[in-house]
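*Asks:* The following block contains the structure, expressed as structure tokens.
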Amino acid sequence: DGGITQSPKYLFRKEGQNVTLSCEQNLNHDAMYWYRQDPGQGLRLIYYSQIVNDFQKGDIAEGYSVSREKKESFPLTVTSAQKNPTAFYLCASSSGPTFGNTIYFGEGSWLTVV
Amino acid sequence: AQSVAQPEDQVNVAEGNPLTVKCTYSVSGNPYLFWYVQYPNRGLQFLLKYITGDNLVKGSYGFEAEFNKSQTSFHLKKPSALVSDSALYFCAVRGPGNDYKLSFGAGTTVTVRA
């Protein structure tokens with residue numbers, strides 16, 4: 001099956017812990033993205049990567065880190081510096097730097113601080 | 001800067017009636033406009049997009065959207081709504097420039113009653 005796989009679906013974090021959300025795609029897409037979704041606020045961009053070994057901060061990058069060592073993988077680490085990490089996290093990808101390209105989304109991961 | 005406004009938090013319609021979800025945008029230059037749908041606890045599914053050409057765009061599941069440049073709008077429509085259309089709908093815009101970020105509206109919850 002082609003698509004974007006996020007794991008885990010549900011993750012619980014203790015105060016002061018770093019956690020990593022996995023995102024893998026087999027669509028051969030060059031660009032990958034991480035969005036955060038909070039109720040009533042739509043989606044906000046955390047980080048995006050247009051090519052392997054390169055990534056840029058989005059609108060709310062503080063407290064998050066990413067890597068792009070392989071084309072198909074774009075993991076997101078939520079660090080202890082992120083003070084309010086409880087949210088729904090969405091990974092997405094698109095076929096490259098053309099404005100008309102559609103961004104496709106994974107099924108999302110819930111992160112809850114306990 | 002680019003932005004999207006979805007003026008209605010909620011839209012309620014009866015099954016079989018027409019459905020309209022409103023979206024207005026702000027962007028420098030020609031816009032690239034997208035509609036997505038999200039079901040509870042799921043990722044976003046792509047419905048349709050406007051890149052150029054015909055102002056009326058047809059998409060998945062019987063949805064269509066009309067691009068109106070003078071009113072900077074991109075309203076989503078369906079002639080006859082189904083109960084299964086009940087979901088959260090997002091409008092998004094991407095403008096020309098050196099980045100490929102997609103900016104989302106806050107979303108509109110559609111409820112179709114039987």
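Note on naming: chains are A, B, ... as they come in the structure tokens, residues start from 1 per chain, ligands start from 1 in the order shown.
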Please determine the contact residues of chain B with respect to chain A at a cut-off of 10 Å, counting only C-alpha atoms, and supply them as a ChimeraX atom specification.
*Replies:* /B:9,31-34,36,38,41-46,48-52,89-108
*Asks:* Put those residues in a file: N, CA and C atoms, as a CSV table (one decimal), in the first residue's frame.
*Replies:*
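That gives us out_26.csv:
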```
chain,number,residue,atom,x,y,z
B,9,ASP,N,-17.8,28.6,11.8
B,9,ASP,CA,-17.2,27.5,12.6
B,9,ASP,C,-18.0,26.2,12.3
B,31,PRO,N,-3.0,32.6,-6.5
B,31,PRO,CA,-3.1,31.6,-5.4
B,31,PRO,C,-3.2,30.2,-5.9
B,32,TYR,N,-2.8,29.3,-5.1
B,32,TYR,CA,-3.0,27.8,-5.3
B,32,TYR,C,-3.9,27.4,-4.1
B,33,LEU,N,-5.1,26.9,-4.4
B,33,LEU,CA,-6.1,26.7,-3.3
B,33,LEU,C,-6.5,25.3,-3.2
B,34,PHE,N,-6.7,24.8,-2.0
B,34,PHE,CA,-7.0,23.4,-1.7
B,34,PHE,C,-8.1,23.3,-0.7
B,36,TYR,N,-9.6,20.2,2.0
B,36,TYR,CA,-9.3,18.9,2.6
B,36,TYR,C,-10.5,18.6,3.6
B,38,GLN,N,-11.5,16.2,7.1
B,38,GLN,CA,-11.0,15.4,8.2
B,38,GLN,C,-12.1,14.7,9.0
B,41,ASN,N,-10.4,11.8,14.5
B,41,ASN,CA,-9.3,11.0,14.8
B,41,ASN,C,-8.5,10.5,13.6
B,42,ARG,N,-8.6,11.2,12.5
B,42,ARG,CA,-8.0,10.8,11.3
B,42,ARG,C,-7.2,11.9,10.7
B,43,GLY,N,-6.3,11.6,9.7
B,43,GLY,CA,-5.6,12.6,9.0
B,43,GLY,C,-6.5,13.3,8.0
B,44,LEU,N,-5.9,14.3,7.3
B,44,LEU,CA,-6.7,15.1,6.3
B,44,LEU,C,-6.7,14.3,5.0
B,45,GLN,N,-7.9,14.4,4.3
B,45,GLN,CA,-8.0,13.8,3.0
B,45,GLN,C,-8.2,14.9,2.0
B,46,PHE,N,-7.4,14.8,0.9
B,46,PHE,CA,-7.5,15.8,-0.2
B,46,PHE,C,-8.8,15.7,-0.9
B,48,LEU,N,-9.9,18.6,-3.4
B,48,LEU,CA,-9.8,19.2,-4.7
B,48,LEU,C,-8.8,20.4,-4.6
B,49,LYS,N,-8.4,20.9,-5.8
B,49,LYS,CA,-7.5,22.1,-5.7
B,49,LYS,C,-7.8,22.9,-7.0
B,50,TYR,N,-7.4,24.2,-6.8
B,50,TYR,CA,-7.4,25.1,-8.0
B,50,TYR,C,-6.0,25.6,-8.2
B,51,ILE,N,-5.6,25.4,-9.4
B,51,ILE,CA,-4.2,25.8,-9.8
B,51,ILE,C,-4.3,27.0,-10.8
B,52,THR,N,-5.0,26.7,-11.9
B,52,THR,CA,-5.2,27.7,-13.0
B,52,THR,C,-6.4,27.1,-13.8
B,89,TYR,N,-13.9,20.4,7.7
B,89,TYR,CA,-13.4,20.8,6.4
B,89,TYR,C,-12.4,22.0,6.5
B,90,PHE,N,-11.3,21.8,5.8
B,90,PHE,CA,-10.2,22.8,5.8
B,90,PHE,C,-10.0,23.4,4.4
B,91,CYS,N,-9.9,24.7,4.3
B,91,CYS,CA,-9.4,25.4,3.1
B,91,CYS,C,-8.0,25.7,3.4
B,92,ALA,N,-7.2,25.7,2.3
B,92,ALA,CA,-5.7,26.0,2.4
B,92,ALA,C,-5.3,26.8,1.2
B,93,VAL,N,-4.2,27.6,1.4
B,93,VAL,CA,-3.7,28.4,0.3
B,93,VAL,C,-2.2,28.3,0.3
B,94,ARG,N,-1.6,28.3,-0.9
B,94,ARG,CA,-0.2,28.4,-1.1
B,94,ARG,C,0.0,29.5,-2.1
B,95,GLY,N,1.0,30.4,-1.8
B,95,GLY,CA,1.2,31.5,-2.8
B,95,GLY,C,2.6,31.4,-3.4
B,96,PRO,N,2.8,32.1,-4.5
B,96,PRO,CA,4.1,32.0,-5.1
B,96,PRO,C,5.2,32.6,-4.3
B,97,GLY,N,6.4,32.1,-4.4
B,97,GLY,CA,7.5,32.6,-3.5
B,97,GLY,C,8.5,31.6,-3.4
B,98,ASN,N,9.4,31.7,-2.5
B,98,ASN,CA,10.5,30.8,-2.3
B,98,ASN,C,10.2,29.6,-1.4
B,99,ASP,N,9.1,29.6,-0.8
B,99,ASP,CA,8.8,28.4,0.1
B,99,ASP,C,7.5,27.8,-0.4
B,100,TYR,N,7.2,26.6,0.1
B,100,TYR,CA,6.1,25.9,-0.4
B,100,TYR,C,5.1,25.5,0.7
B,101,LYS,N,5.1,26.4,1.7
B,101,LYS,CA,4.2,26.1,2.8
B,101,LYS,C,2.7,26.3,2.4
B,102,LEU,N,1.9,25.5,3.1
B,102,LEU,CA,0.5,25.6,2.9
B,102,LEU,C,-0.1,26.2,4.1
B,103,SER,N,-0.9,27.3,4.0
B,103,SER,CA,-1.5,27.9,5.2
B,103,SER,C,-3.0,27.5,5.2
B,104,PHE,N,-3.4,27.0,6.4
B,104,PHE,CA,-4.8,26.5,6.6
B,104,PHE,C,-5.7,27.5,7.3
B,105,GLY,N,-7.0,27.4,7.0
B,105,GLY,CA,-8.0,28.0,7.8
B,105,GLY,C,-8.2,27.2,9.1
B,106,ALA,N,-9.1,27.8,9.9
B,106,ALA,CA,-9.3,27.2,11.2
B,106,ALA,C,-10.3,26.0,11.1
B,107,GLY,N,-10.9,25.8,10.0
B,107,GLY,CA,-11.8,24.7,9.8
B,107,GLY,C,-13.2,25.0,10.0
B,108,THR,N,-14.1,24.3,9.3
B,108,THR,CA,-15.6,24.4,9.4
B,108,THR,C,-16.1,23.0,9.7
```
*Asks:* Excluding segment 70-78 of chain A and residues on its chain fewer than 3 positions from it, collect all residues at most 6 Å away from it, counting only C-alpha atoms, and give them as a list of chain:residue names.
*Replies:*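 Within the cut-off, the hits are A:Asn18, A:Val19, A:Thr20, A:Leu21, A:Ser22, A:Cys23, A:Glu24, A:Gln25, A:Val52, A:Tyr64, A:Ser65, A:Val66.
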*Asks:* Would you write out those residues with N, CA and C atoms, as a JSON list (two decimals), in the first residue's frame?
*Replies:*
```json
[["chain", "number", "residue", "atom", "x", "y", "z"],
["A", 18, "ASN", "N", 11.92, 13.69, 26.33],
["A", 18, "ASN", "CA", 11.85, 13.87, 24.88],
["A", 18, "ASN", "C", 11.14, 12.66, 24.28],
["A", 19, "VAL", "N", 10.33, 12.89, 23.27],
["A", 19, "VAL", "CA", 9.70, 11.78, 22.57],
["A", 19, "VAL", "C", 9.84, 12.01, 21.07],
["A", 20, "THR", "N", 9.87, 10.90, 20.33],
["A", 20, "THR", "CA", 10.02, 10.99, 18.88],
["A", 20, "THR", "C", 8.83, 10.34, 18.19],
["A", 21, "LEU", "N", 8.27, 11.08, 17.24],
["A", 21, "LEU", "CA", 7.17, 10.59, 16.41],
["A", 21, "LEU", "C", 7.76, 10.19, 15.05],
["A", 22, "SER", "N", 7.36, 9.01, 14.61],
["A", 22, "SER", "CA", 7.90, 8.49, 13.36],
["A", 22, "SER", "C", 6.98, 8.83, 12.18],
["A", 23, "CYS", "N", 7.59, 9.11, 11.03],
["A", 23, "CYS", "CA", 6.84, 9.33, 9.79],
["A", 23, "CYS", "C", 7.63, 8.72, 8.64],
["A", 24, "GLU", "N", 7.00, 7.79, 7.94],
["A", 24, "GLU", "CA", 7.61, 7.13, 6.79],
["A", 24, "GLU", "C", 6.65, 7.23, 5.61],
["A", 25, "GLN", "N", 7.21, 7.52, 4.41],
["A", 25, "GLN", "CA", 6.37, 7.55, 3.21],
["A", 25, "GLN", "C", 7.03, 6.73, 2.10],
["A", 52, "VAL", "N", 16.44, 15.72, 1.01],
["A", 52, "VAL", "CA", 17.21, 15.01, 2.04],
["A", 52, "VAL", "C", 18.33, 15.90, 2.58],
["A", 64, "TYR", "N", 10.85, 21.78, 19.20],
["A", 64, "TYR", "CA", 10.79, 20.62, 18.32],
["A", 64, "TYR", "C", 12.11, 20.49, 17.56],
["A", 65, "SER", "N", 12.43, 19.26, 17.12],
["A", 65, "SER", "CA", 13.57, 19.06, 16.23],
["A", 65, "SER", "C", 13.23, 17.95, 15.25],
["A", 66, "VAL", "N", 13.90, 17.98, 14.09],
["A", 66, "VAL", "CA", 13.67, 16.99, 13.05],
["A", 66, "VAL", "C", 15.00, 16.58, 12.43]]
```
*Asks:* With DSSP run on the backbone, what are the strand (DSSP E) residues within chain A? I'd like them as a ChimeraX atom specification.
*Replies:* /A:4-7,10-13,19-25,31-37,43-51,54-57,64-66,76-78,87-94,104-105,109-113
*Asks:* Which neighbours of segment 109-111 of chain B fall inside 7 Å, counting only C-alpha atoms, when residues of the same chain fewer than 2 positions from it are skipped, and could you give them as a PyMOL selection string?
*Replies:* chain B and resi 9-13+86-89+107+113
*Asks:* Can you list, as a PyMOL selection string, all residues belonging to segment 27-91 of chain B that DSSP tags as helix (DSSP H, G or I)?
*Replies:* chain B and resi 60-62+83-85
*Asks:* Just to be explicit: take each residue in the selection above, keep all heavy atoms, and write the result as a PDB file, in the first residue's frame.
*Replies:*
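Generated file (selection.pdb):
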```pdb
ATOM      1  N   SER B  60     -13.356  15.070  -5.365  1.00  0.00           N
ATOM      2  CA  SER B  60     -13.802  13.753  -4.894  1.00  0.00           C
ATOM      3  C   SER B  60     -15.158  13.840  -4.221  1.00  0.00           C
ATOM      4  O   SER B  60     -15.548  14.885  -3.707  1.00  0.00           O
ATOM      5  CB  SER B  60     -12.782  13.200  -3.894  1.00  0.00           C
ATOM      6  OG  SER B  60     -11.487  13.164  -4.433  1.00  0.00           O
ATOM      7  N   TYR B  61     -15.882  12.697  -4.207  1.00  0.00           N
ATOM      8  CA  TYR B  61     -17.125  12.521  -3.455  1.00  0.00           C
ATOM      9  C   TYR B  61     -18.219  13.512  -3.855  1.00  0.00           C
ATOM     10  O   TYR B  61     -19.075  13.841  -3.039  1.00  0.00           O
ATOM     11  CB  TYR B  61     -16.864  12.619  -1.948  1.00  0.00           C
ATOM     12  CG  TYR B  61     -15.683  11.808  -1.465  1.00  0.00           C
ATOM     13  CD1 TYR B  61     -14.598  12.423  -0.858  1.00  0.00           C
ATOM     14  CD2 TYR B  61     -15.637  10.434  -1.653  1.00  0.00           C
ATOM     15  CE1 TYR B  61     -13.503  11.679  -0.449  1.00  0.00           C
ATOM     16  CE2 TYR B  61     -14.554   9.686  -1.241  1.00  0.00           C
ATOM     17  CZ  TYR B  61     -13.488  10.325  -0.633  1.00  0.00           C
ATOM     18  OH  TYR B  61     -12.397   9.587  -0.225  1.00  0.00           O
ATOM     19  N   GLY B  62     -18.194  14.000  -5.102  1.00  0.00           N
ATOM     20  CA  GLY B  62     -19.232  14.906  -5.578  1.00  0.00           C
ATOM     21  C   GLY B  62     -19.058  16.352  -5.188  1.00  0.00           C
ATOM     22  O   GLY B  62     -19.930  17.181  -5.434  1.00  0.00           O
ATOM     23  N   VAL B  83     -25.400  12.320   4.926  1.00  0.00           N
ATOM     24  CA  VAL B  83     -25.035  12.248   6.340  1.00  0.00           C
ATOM     25  C   VAL B  83     -23.547  11.951   6.491  1.00  0.00           C
ATOM     26  O   VAL B  83     -22.872  12.475   7.378  1.00  0.00           O
ATOM     27  CB  VAL B  83     -25.883  11.195   7.065  1.00  0.00           C
ATOM     28  CG1 VAL B  83     -25.382  10.968   8.482  1.00  0.00           C
ATOM     29  CG2 VAL B  83     -27.352  11.607   7.080  1.00  0.00           C
ATOM     30  N   SER B  84     -23.009  11.139   5.585  1.00  0.00           N
ATOM     31  CA  SER B  84     -21.594  10.764   5.639  1.00  0.00           C
ATOM     32  C   SER B  84     -20.657  11.928   5.307  1.00  0.00           C
ATOM     33  O   SER B  84     -19.439  11.794   5.463  1.00  0.00           O
ATOM     34  CB  SER B  84     -21.316   9.601   4.691  1.00  0.00           C
ATOM     35  OG  SER B  84     -21.694   9.938   3.374  1.00  0.00           O
ATOM     36  N   ASP B  85     -21.198  13.047   4.848  1.00  0.00           N
ATOM     37  CA  ASP B  85     -20.375  14.240   4.610  1.00  0.00           C
ATOM     38  C   ASP B  85     -20.082  14.999   5.902  1.00  0.00           C
ATOM     39  O   ASP B  85     -19.310  15.969   5.890  1.00  0.00           O
ATOM     40  CB  ASP B  85     -21.065  15.188   3.625  1.00  0.00           C
ATOM     41  CG  ASP B  85     -21.179  14.611   2.232  1.00  0.00           C
ATOM     42  OD1 ASP B  85     -20.276  13.843   1.841  1.00  0.00           O
ATOM     43  OD2 ASP B  85     -22.168  14.914   1.547  1.00  0.00           O
TER      44      ASP B  85
END
```
*Asks:* State, in Å with one decimal place, the distance from atom CA of Pro79 of chain B to atom CA of Leu19 of chain B.
*Replies:*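 Distance reported for this atom pair: 6.4 Å.
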*Asks:* Kindly indicate which residue among B:Ser80, B:Gln2, B:Asn55, B:Ser70 lies nearest to Thr20 of chain B, using only C-alpha atoms for the distances.
*Replies:*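 Result for the nearest residue to Thr20 of chain B: B:Ser80.
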